[in-house]
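Participant: Sharing query.cif, mmCIF, N, CA and C atoms and all ligand atoms:
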data_model
loop_
_atom_site.label_atom_id
_atom_site.label_comp_id
_atom_site.auth_asym_id
_atom_site.auth_seq_id
_atom_site.Cartn_x
_atom_site.Cartn_y
_atom_site.Cartn_z
N MET E 10 60.18 -29.45 -4.90
CA MET E 10 59.01 -29.76 -5.75
C MET E 10 57.76 -29.95 -4.90
N LYS E 11 57.94 -30.59 -3.74
CA LYS E 11 56.82 -30.83 -2.85
C LYS E 11 56.22 -29.49 -2.39
N ARG E 12 57.12 -28.57 -2.15
CA ARG E 12 56.73 -27.23 -1.72
C ARG E 12 55.86 -26.54 -2.79
N PHE E 13 56.25 -26.78 -4.04
CA PHE E 13 55.51 -26.22 -5.17
C PHE E 13 54.04 -26.68 -5.15
N TRP E 14 53.87 -28.02 -4.98
CA TRP E 14 52.51 -28.57 -4.95
C TRP E 14 51.72 -28.10 -3.74
N SER E 15 52.43 -27.92 -2.64
CA SER E 15 51.77 -27.39 -1.44
C SER E 15 51.20 -26.00 -1.72
N LEU E 16 52.00 -25.22 -2.43
CA LEU E 16 51.57 -23.86 -2.78
C LEU E 16 50.35 -23.89 -3.69
N ILE E 17 50.36 -24.82 -4.67
CA ILE E 17 49.22 -24.96 -5.58
C ILE E 17 47.97 -25.33 -4.78
N LEU E 18 48.13 -26.32 -3.87
CA LEU E 18 47.01 -26.76 -3.03
C LEU E 18 46.48 -25.60 -2.20
N LEU E 19 47.40 -24.86 -1.62
CA LEU E 19 47.02 -23.71 -0.80
C LEU E 19 46.24 -22.70 -1.64
N PHE E 20 46.74 -22.48 -2.86
CA PHE E 20 46.11 -21.54 -3.77
C PHE E 20 44.67 -21.97 -4.08
N VAL E 21 44.50 -23.26 -4.43
CA VAL E 21 43.17 -23.81 -4.74
C VAL E 21 42.25 -23.66 -3.53
N PHE E 22 42.80 -23.99 -2.36
CA PHE E 22 42.04 -23.89 -1.11
C PHE E 22 41.54 -22.46 -0.89
N VAL E 23 42.43 -21.51 -1.08
CA VAL E 23 42.07 -20.10 -0.88
C VAL E 23 40.98 -19.68 -1.86
N VAL E 24 41.11 -20.14 -3.12
CA VAL E 24 40.11 -19.77 -4.13
C VAL E 24 38.75 -20.33 -3.75
N ILE E 25 38.73 -21.62 -3.33
CA ILE E 25 37.44 -22.25 -2.98
C ILE E 25 36.82 -21.57 -1.77
N VAL E 26 37.60 -21.41 -0.70
CA VAL E 26 37.08 -20.79 0.52
C VAL E 26 36.66 -19.34 0.23
N GLY E 27 37.52 -18.65 -0.52
CA GLY E 27 37.22 -17.27 -0.90
C GLY E 27 35.92 -17.19 -1.67
N GLY E 28 35.74 -18.13 -2.59
CA GLY E 28 34.51 -18.17 -3.39
C GLY E 28 33.29 -18.36 -2.52
N CYS E 29 33.38 -19.27 -1.54
CA CYS E 29 32.24 -19.55 -0.66
C CYS E 29 31.90 -18.34 0.18
N THR E 30 32.93 -17.69 0.69
CA THR E 30 32.71 -16.50 1.52
C THR E 30 31.99 -15.43 0.70
N GLU E 31 32.44 -15.32 -0.54
CA GLU E 31 31.85 -14.34 -1.45
C GLU E 31 30.35 -14.62 -1.60
N GLN E 32 30.01 -15.91 -1.79
CA GLN E 32 28.61 -16.30 -1.97
C GLN E 32 27.78 -15.96 -0.73
N GLN E 33 28.35 -16.25 0.44
CA GLN E 33 27.61 -15.98 1.67
C GLN E 33 27.30 -14.50 1.82
N LYS E 34 28.25 -13.70 1.36
CA LYS E 34 28.07 -12.26 1.46
C LYS E 34 26.90 -11.78 0.59
N THR E 35 26.78 -12.36 -0.61
CA THR E 35 25.79 -11.86 -1.54
C THR E 35 24.42 -12.51 -1.35
N GLN E 36 24.39 -13.64 -0.65
CA GLN E 36 23.15 -14.41 -0.52
C GLN E 36 21.94 -13.63 0.01
N PRO E 37 22.08 -12.88 1.10
CA PRO E 37 20.90 -12.25 1.70
C PRO E 37 20.06 -11.41 0.74
N THR E 38 20.69 -10.83 -0.26
CA THR E 38 19.94 -9.98 -1.17
C THR E 38 19.08 -10.79 -2.13
N THR E 39 19.40 -12.09 -2.30
CA THR E 39 18.65 -12.89 -3.26
C THR E 39 17.50 -13.66 -2.59
N ILE E 40 17.47 -13.69 -1.26
CA ILE E 40 16.40 -14.40 -0.57
C ILE E 40 15.06 -13.69 -0.81
N THR E 41 14.05 -14.46 -1.16
CA THR E 41 12.73 -13.88 -1.38
C THR E 41 12.19 -13.39 -0.04
N SER E 42 11.89 -12.15 0.02
CA SER E 42 11.49 -11.58 1.30
C SER E 42 9.98 -11.48 1.43
N THR E 43 9.51 -11.65 2.65
CA THR E 43 8.12 -11.35 2.94
C THR E 43 8.15 -10.19 3.92
N GLY E 44 7.05 -9.54 4.06
CA GLY E 44 6.99 -8.43 4.99
C GLY E 44 7.63 -7.17 4.47
N GLU E 45 7.87 -7.11 3.18
CA GLU E 45 8.40 -5.89 2.59
C GLU E 45 7.26 -4.92 2.29
N ILE E 46 7.61 -3.67 2.12
CA ILE E 46 6.62 -2.70 1.67
C ILE E 46 6.77 -2.54 0.17
N LYS E 47 5.69 -2.81 -0.54
CA LYS E 47 5.73 -2.69 -2.01
C LYS E 47 4.80 -1.55 -2.42
N GLU E 48 5.37 -0.58 -3.08
CA GLU E 48 4.58 0.59 -3.45
C GLU E 48 4.39 0.65 -4.97
N PHE E 49 3.18 0.96 -5.37
CA PHE E 49 2.87 1.06 -6.80
C PHE E 49 2.05 2.31 -7.07
N GLN E 50 2.31 2.93 -8.19
CA GLN E 50 1.48 4.04 -8.64
C GLN E 50 0.60 3.51 -9.76
N ILE E 51 -0.69 3.70 -9.63
CA ILE E 51 -1.62 3.20 -10.64
C ILE E 51 -2.40 4.37 -11.23
N THR E 52 -2.47 4.38 -12.53
CA THR E 52 -3.25 5.40 -13.21
C THR E 52 -4.53 4.78 -13.74
N ALA E 53 -5.65 5.38 -13.41
CA ALA E 53 -6.94 4.91 -13.90
C ALA E 53 -7.42 5.85 -14.99
N SER E 54 -7.87 5.27 -16.10
CA SER E 54 -8.46 6.08 -17.16
C SER E 54 -9.42 5.19 -17.93
N GLN E 55 -10.31 5.81 -18.72
CA GLN E 55 -11.26 5.02 -19.50
C GLN E 55 -10.49 4.20 -20.53
N PHE E 56 -10.42 2.90 -20.56
CA PHE E 56 -11.07 2.03 -19.60
C PHE E 56 -10.05 1.00 -19.11
N SER E 57 -9.05 1.51 -18.43
CA SER E 57 -8.00 0.60 -17.96
C SER E 57 -7.27 1.14 -16.74
N PHE E 58 -6.58 0.22 -16.09
CA PHE E 58 -5.65 0.59 -15.02
C PHE E 58 -4.24 0.34 -15.56
N GLU E 59 -3.33 1.22 -15.22
CA GLU E 59 -1.94 1.08 -15.67
C GLU E 59 -1.01 1.24 -14.48
N PRO E 60 -0.27 0.21 -14.07
CA PRO E 60 -0.22 -1.14 -14.64
C PRO E 60 -1.47 -1.93 -14.30
N ASN E 61 -1.73 -2.98 -15.04
CA ASN E 61 -2.91 -3.79 -14.73
C ASN E 61 -2.56 -5.15 -14.14
N ILE E 62 -1.27 -5.41 -13.96
CA ILE E 62 -0.87 -6.60 -13.20
C ILE E 62 0.15 -6.17 -12.15
N ILE E 63 -0.16 -6.49 -10.90
CA ILE E 63 0.72 -6.14 -9.78
C ILE E 63 1.11 -7.44 -9.10
N THR E 64 2.40 -7.64 -8.92
CA THR E 64 2.86 -8.88 -8.30
C THR E 64 3.61 -8.58 -7.01
N VAL E 65 3.20 -9.23 -5.92
CA VAL E 65 3.87 -9.07 -4.62
C VAL E 65 4.05 -10.45 -4.00
N ASN E 66 4.69 -10.48 -2.85
CA ASN E 66 4.84 -11.73 -2.12
C ASN E 66 3.89 -11.75 -0.92
N LYS E 67 3.49 -12.95 -0.53
CA LYS E 67 2.61 -13.09 0.63
C LYS E 67 3.26 -12.45 1.84
N GLY E 68 2.52 -11.67 2.56
CA GLY E 68 3.04 -11.01 3.74
C GLY E 68 3.50 -9.58 3.50
N ASP E 69 3.64 -9.22 2.24
CA ASP E 69 4.04 -7.85 1.92
C ASP E 69 2.95 -6.84 2.28
N THR E 70 3.38 -5.68 2.68
CA THR E 70 2.45 -4.56 2.82
C THR E 70 2.38 -3.87 1.46
N VAL E 71 1.19 -3.82 0.91
CA VAL E 71 1.02 -3.24 -0.42
C VAL E 71 0.50 -1.82 -0.28
N LYS E 72 1.24 -0.89 -0.84
CA LYS E 72 0.80 0.51 -0.83
C LYS E 72 0.52 0.92 -2.26
N LEU E 73 -0.70 1.37 -2.50
CA LEU E 73 -1.07 1.80 -3.84
C LEU E 73 -1.38 3.29 -3.83
N LYS E 74 -0.86 3.96 -4.81
CA LYS E 74 -1.22 5.37 -5.02
C LYS E 74 -1.96 5.40 -6.35
N ILE E 75 -3.26 5.65 -6.27
CA ILE E 75 -4.08 5.53 -7.47
C ILE E 75 -4.67 6.89 -7.83
N LYS E 76 -4.63 7.17 -9.11
CA LYS E 76 -5.16 8.46 -9.56
C LYS E 76 -5.91 8.27 -10.88
N SER E 77 -7.08 8.86 -10.93
CA SER E 77 -7.83 8.88 -12.18
C SER E 77 -7.44 10.14 -12.95
N VAL E 78 -7.19 9.96 -14.25
CA VAL E 78 -6.80 11.13 -15.04
C VAL E 78 -7.93 11.65 -15.93
N ASP E 79 -9.12 11.01 -15.85
CA ASP E 79 -10.22 11.56 -16.64
C ASP E 79 -11.51 11.71 -15.83
N VAL E 80 -12.29 10.65 -15.73
CA VAL E 80 -13.57 10.76 -15.03
C VAL E 80 -13.49 10.01 -13.69
N THR E 81 -14.58 10.01 -12.94
CA THR E 81 -14.59 9.30 -11.67
C THR E 81 -14.64 7.79 -11.92
N HIS E 82 -13.71 7.07 -11.29
CA HIS E 82 -13.68 5.62 -11.36
C HIS E 82 -13.75 5.06 -9.94
N GLY E 83 -13.86 3.74 -9.87
CA GLY E 83 -13.76 3.09 -8.57
C GLY E 83 -12.57 2.14 -8.61
N PHE E 84 -12.12 1.73 -7.43
CA PHE E 84 -11.05 0.73 -7.38
C PHE E 84 -11.38 -0.24 -6.27
N THR E 85 -11.64 -1.50 -6.65
CA THR E 85 -12.08 -2.50 -5.68
C THR E 85 -11.27 -3.77 -5.79
N ILE E 86 -10.83 -4.28 -4.63
CA ILE E 86 -10.29 -5.65 -4.55
C ILE E 86 -11.09 -6.31 -3.42
N ASN E 87 -12.07 -7.12 -3.79
CA ASN E 87 -12.97 -7.70 -2.79
C ASN E 87 -12.24 -8.45 -1.69
N GLU E 88 -11.28 -9.28 -2.08
CA GLU E 88 -10.61 -10.18 -1.11
C GLU E 88 -9.82 -9.44 -0.04
N PHE E 89 -9.45 -8.18 -0.31
CA PHE E 89 -8.68 -7.45 0.68
C PHE E 89 -9.43 -6.23 1.22
N GLY E 90 -10.74 -6.23 1.00
CA GLY E 90 -11.58 -5.18 1.57
C GLY E 90 -11.27 -3.79 1.03
N VAL E 91 -10.77 -3.73 -0.20
CA VAL E 91 -10.44 -2.43 -0.78
C VAL E 91 -11.60 -1.96 -1.66
N ASN E 92 -12.08 -0.76 -1.41
CA ASN E 92 -13.14 -0.19 -2.23
C ASN E 92 -13.05 1.33 -2.16
N GLU E 93 -12.48 1.92 -3.19
CA GLU E 93 -12.23 3.36 -3.18
C GLU E 93 -12.91 4.05 -4.35
N LYS E 94 -13.23 5.31 -4.13
CA LYS E 94 -13.76 6.15 -5.19
C LYS E 94 -12.61 7.02 -5.68
N LEU E 95 -12.39 7.03 -6.98
CA LEU E 95 -11.28 7.81 -7.53
C LEU E 95 -11.81 9.02 -8.27
N GLU E 96 -11.75 10.13 -7.62
CA GLU E 96 -12.19 11.36 -8.29
C GLU E 96 -11.07 11.88 -9.18
N PRO E 97 -11.41 12.48 -10.31
CA PRO E 97 -10.40 12.92 -11.27
C PRO E 97 -9.32 13.80 -10.64
N GLY E 98 -8.08 13.45 -10.87
CA GLY E 98 -6.96 14.27 -10.43
C GLY E 98 -6.59 14.15 -8.97
N LYS E 99 -7.33 13.33 -8.23
CA LYS E 99 -7.07 13.22 -6.79
C LYS E 99 -6.35 11.90 -6.50
N MET E 100 -5.20 11.98 -5.81
CA MET E 100 -4.43 10.77 -5.47
C MET E 100 -5.04 10.08 -4.27
N ILE E 101 -5.33 8.78 -4.43
CA ILE E 101 -5.91 8.01 -3.33
C ILE E 101 -4.87 7.00 -2.84
N ASP E 102 -4.66 6.96 -1.53
CA ASP E 102 -3.72 6.01 -0.95
C ASP E 102 -4.46 4.80 -0.41
N VAL E 103 -4.00 3.63 -0.80
CA VAL E 103 -4.58 2.38 -0.33
C VAL E 103 -3.46 1.56 0.29
N GLU E 104 -3.74 0.94 1.44
CA GLU E 104 -2.71 0.12 2.06
C GLU E 104 -3.35 -1.13 2.65
N PHE E 105 -2.76 -2.27 2.37
CA PHE E 105 -3.25 -3.52 2.97
C PHE E 105 -2.12 -4.53 2.97
N VAL E 106 -2.28 -5.58 3.76
CA VAL E 106 -1.29 -6.65 3.79
C VAL E 106 -1.78 -7.80 2.93
N ALA E 107 -0.94 -8.24 2.01
CA ALA E 107 -1.29 -9.36 1.13
C ALA E 107 -1.10 -10.66 1.92
N GLY E 108 -2.11 -11.02 2.66
CA GLY E 108 -1.98 -12.13 3.60
C GLY E 108 -2.28 -13.51 3.04
N LYS E 109 -2.69 -13.58 1.77
CA LYS E 109 -2.97 -14.90 1.17
C LYS E 109 -2.49 -14.92 -0.27
N THR E 110 -2.09 -16.10 -0.69
CA THR E 110 -1.58 -16.23 -2.06
C THR E 110 -2.72 -16.45 -3.04
N GLY E 111 -2.48 -16.08 -4.28
CA GLY E 111 -3.48 -16.28 -5.32
C GLY E 111 -3.48 -15.13 -6.30
N ALA E 112 -4.42 -15.20 -7.24
CA ALA E 112 -4.60 -14.11 -8.20
C ALA E 112 -5.95 -13.48 -7.91
N PHE E 113 -5.95 -12.20 -7.62
CA PHE E 113 -7.17 -11.50 -7.21
C PHE E 113 -7.44 -10.36 -8.19
N SER E 114 -8.67 -10.28 -8.67
CA SER E 114 -8.95 -9.20 -9.61
C SER E 114 -9.19 -7.90 -8.89
N PHE E 115 -8.74 -6.83 -9.49
CA PHE E 115 -9.21 -5.51 -9.06
C PHE E 115 -9.97 -4.92 -10.24
N TYR E 116 -10.94 -4.09 -9.94
CA TYR E 116 -11.78 -3.59 -11.02
C TYR E 116 -12.38 -2.24 -10.67
N CYS E 117 -12.85 -1.57 -11.70
CA CYS E 117 -13.54 -0.31 -11.51
C CYS E 117 -14.96 -0.59 -11.06
N SER E 118 -15.37 0.03 -9.97
CA SER E 118 -16.67 -0.26 -9.37
C SER E 118 -17.66 0.89 -9.55
N ILE E 119 -17.28 1.89 -10.30
CA ILE E 119 -18.19 3.01 -10.55
C ILE E 119 -18.35 3.15 -12.06
N PHE E 120 -19.57 3.10 -12.53
CA PHE E 120 -19.81 3.13 -13.97
C PHE E 120 -19.16 4.36 -14.60
N CYS E 121 -18.33 4.11 -15.61
CA CYS E 121 -17.56 5.21 -16.19
C CYS E 121 -17.67 5.29 -17.72
N GLY E 122 -18.56 4.49 -18.29
CA GLY E 122 -18.75 4.57 -19.74
C GLY E 122 -18.84 3.19 -20.37
N ASN E 123 -18.78 3.17 -21.69
CA ASN E 123 -19.00 1.94 -22.46
C ASN E 123 -18.06 0.78 -22.14
N GLY E 124 -16.81 1.08 -21.82
CA GLY E 124 -15.85 0.00 -21.58
C GLY E 124 -15.69 -0.33 -20.11
N HIS E 125 -16.59 0.17 -19.29
CA HIS E 125 -16.47 0.04 -17.83
C HIS E 125 -16.27 -1.40 -17.37
N SER E 126 -17.08 -2.31 -17.94
CA SER E 126 -17.03 -3.69 -17.44
C SER E 126 -15.68 -4.37 -17.73
N GLY E 127 -14.92 -3.83 -18.66
CA GLY E 127 -13.62 -4.43 -18.97
C GLY E 127 -12.47 -3.75 -18.24
N MET E 128 -12.82 -2.82 -17.37
CA MET E 128 -11.77 -2.06 -16.69
C MET E 128 -11.34 -2.80 -15.43
N ARG E 129 -10.36 -3.65 -15.63
CA ARG E 129 -9.92 -4.49 -14.51
C ARG E 129 -8.46 -4.87 -14.63
N GLY E 130 -7.95 -5.44 -13.56
CA GLY E 130 -6.56 -5.89 -13.54
C GLY E 130 -6.41 -7.01 -12.53
N GLU E 131 -5.18 -7.37 -12.25
CA GLU E 131 -4.96 -8.53 -11.38
C GLU E 131 -3.84 -8.27 -10.38
N LEU E 132 -4.13 -8.62 -9.14
CA LEU E 132 -3.10 -8.59 -8.09
C LEU E 132 -2.66 -10.03 -7.89
N VAL E 133 -1.39 -10.30 -8.13
CA VAL E 133 -0.86 -11.65 -7.96
C VAL E 133 -0.03 -11.68 -6.68
N VAL E 134 -0.43 -12.55 -5.75
CA VAL E 134 0.31 -12.70 -4.50
C VAL E 134 0.98 -14.06 -4.52
N LYS E 135 2.32 -14.07 -4.51
CA LYS E 135 3.07 -15.33 -4.62
C LYS E 135 3.41 -15.90 -3.25
CU CU S 1 -15.78 2.22 -14.43
#
Could I get this structure in the form of structure tokens?
Ligand SMILES: [Cu+2]
Facilitator:
Amino acid sequence: MKRFWSLILLFVFVVIVGGCTEQQKTQPTTITSTGEIKEFQITASQFSFEPNIITVNKGDTVKLKIKSVDVTHGFTINEFGVNEKLEPGKMIDVEFVAGKTGAFSFYCSIFCGNGHSGMRGELVVK
């Protein structure tokens, strides 16, 4: 009978240790990483950017591929020194490091029509 309980104990021990090992194996993928490359494709059109909210982590390298599908627009993020002219149909590559946390607006900086002043979005750096 004692042997039986020893086996049960051993079984429980194996399950617990096995469970912990399993957790350690999967943990690295759940850690919030900094220094990753985050790439986004943004479409500019009268009078919006799509997507208009971009979320990254502090320290990430942000790569944006931006294209206007109608008229000439601008793309500006003051805090990260980004200021591009988006000519229709031409893909523009933007790259910067999100070195500070906060919510930063990006906006169209070239007059493109009646809704121009509302053509904006937000870069969220966590
Ligand atoms: Cu505009």
Participant: Within 6 Å of ligand CU 1 (chain S), counting only N, CA and C atoms and all ligand atoms, which protein or nucleic acid residues do you find, written as a tab-separated table (two decimals) with N, CA and C atoms, keeping the file's coordinate frame?
Facilitator:
chain	number	residue	atom	x	y	z
E	82	HIS	N	-13.71	7.07	-11.29
E	82	HIS	CA	-13.68	5.62	-11.36
E	82	HIS	C	-13.75	5.06	-9.94
E	83	GLY	N	-13.86	3.74	-9.87
E	83	GLY	CA	-13.76	3.09	-8.57
E	83	GLY	C	-12.57	2.14	-8.61
E	117	CYS	N	-12.85	-1.57	-11.70
E	117	CYS	CA	-13.54	-0.31	-11.51
E	117	CYS	C	-14.96	-0.59	-11.06
E	118	SER	N	-15.37	0.03	-9.97
E	118	SER	CA	-16.67	-0.26	-9.37
E	118	SER	C	-17.66	0.89	-9.55
E	119	ILE	N	-17.28	1.89	-10.30
E	119	ILE	CA	-18.19	3.01	-10.55
E	119	ILE	C	-18.35	3.15	-12.06
E	120	PHE	N	-19.57	3.10	-12.53
E	120	PHE	CA	-19.81	3.13	-13.97
E	120	PHE	C	-19.16	4.36	-14.60
E	121	CYS	N	-18.33	4.11	-15.61
E	121	CYS	CA	-17.56	5.21	-16.19
E	121	CYS	C	-17.67	5.29	-17.72
E	122	GLY	N	-18.56	4.49	-18.29
E	122	GLY	CA	-18.75	4.57	-19.74
E	122	GLY	C	-18.84	3.19	-20.37
E	125	HIS	N	-16.59	0.17	-19.29
E	125	HIS	CA	-16.47	0.04	-17.83
E	125	HIS	C	-16.27	-1.40	-17.37
E	126	SER	N	-17.08	-2.31	-17.94
E	126	SER	CA	-17.03	-3.69	-17.44
E	126	SER	C	-15.68	-4.37	-17.73
Participant: Residues at most 8 Å from Phe105 of chain E, counting all atoms listed in the file, excluding those fewer than 3 positions away in the same chain, as a ChimeraX atom specification?
Facilitator: /E:68-73,89,102,108
Participant: Mind pulling up the distance from atom CA of Val65 of chain E to atom CA of Ala53 of chain E?
Facilitator: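 A separation of 20.0 Å between them.
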Participant: For Ser54 of chain E, which residue out of E:Ser114, E:Ser77, E:Thr85, E:Asn123 is the nearest one, using all atoms listed in the file?
Facilitator: E:Ser77
Participant: Quick one: everything within 9 Å of segment 97-101 of chain E, counting only C-alpha atoms, minus sequence neighbours fewer than 6 positions away in the same chain. Send it as a VMD selection string.
Facilitator: chain E and resid 73 to 82
Participant: To test the calculation: enclose all listed atoms of segment 94-106 of chain E in a box whose edges run along x, y and z, add 5 Å on each side, then state centre and edge lengths in Å to one decimal, as lines of an AutoDock Vina configuration file.
Facilitator:
center_x = -7.5
center_y = 3.2
center_z = -3.7
size_x = 22.5
size_y = 32.1
size_z = 25.1
Participant: Would you work out the distance separating atom C of Gly130 of chain E from atom C of Glu45 of chain E, expressed in Å to one decimal?
Facilitator: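 Calculated distance between atom C of Gly130 of chain E and atom C of Glu45 of chain E is 20.3 Å.
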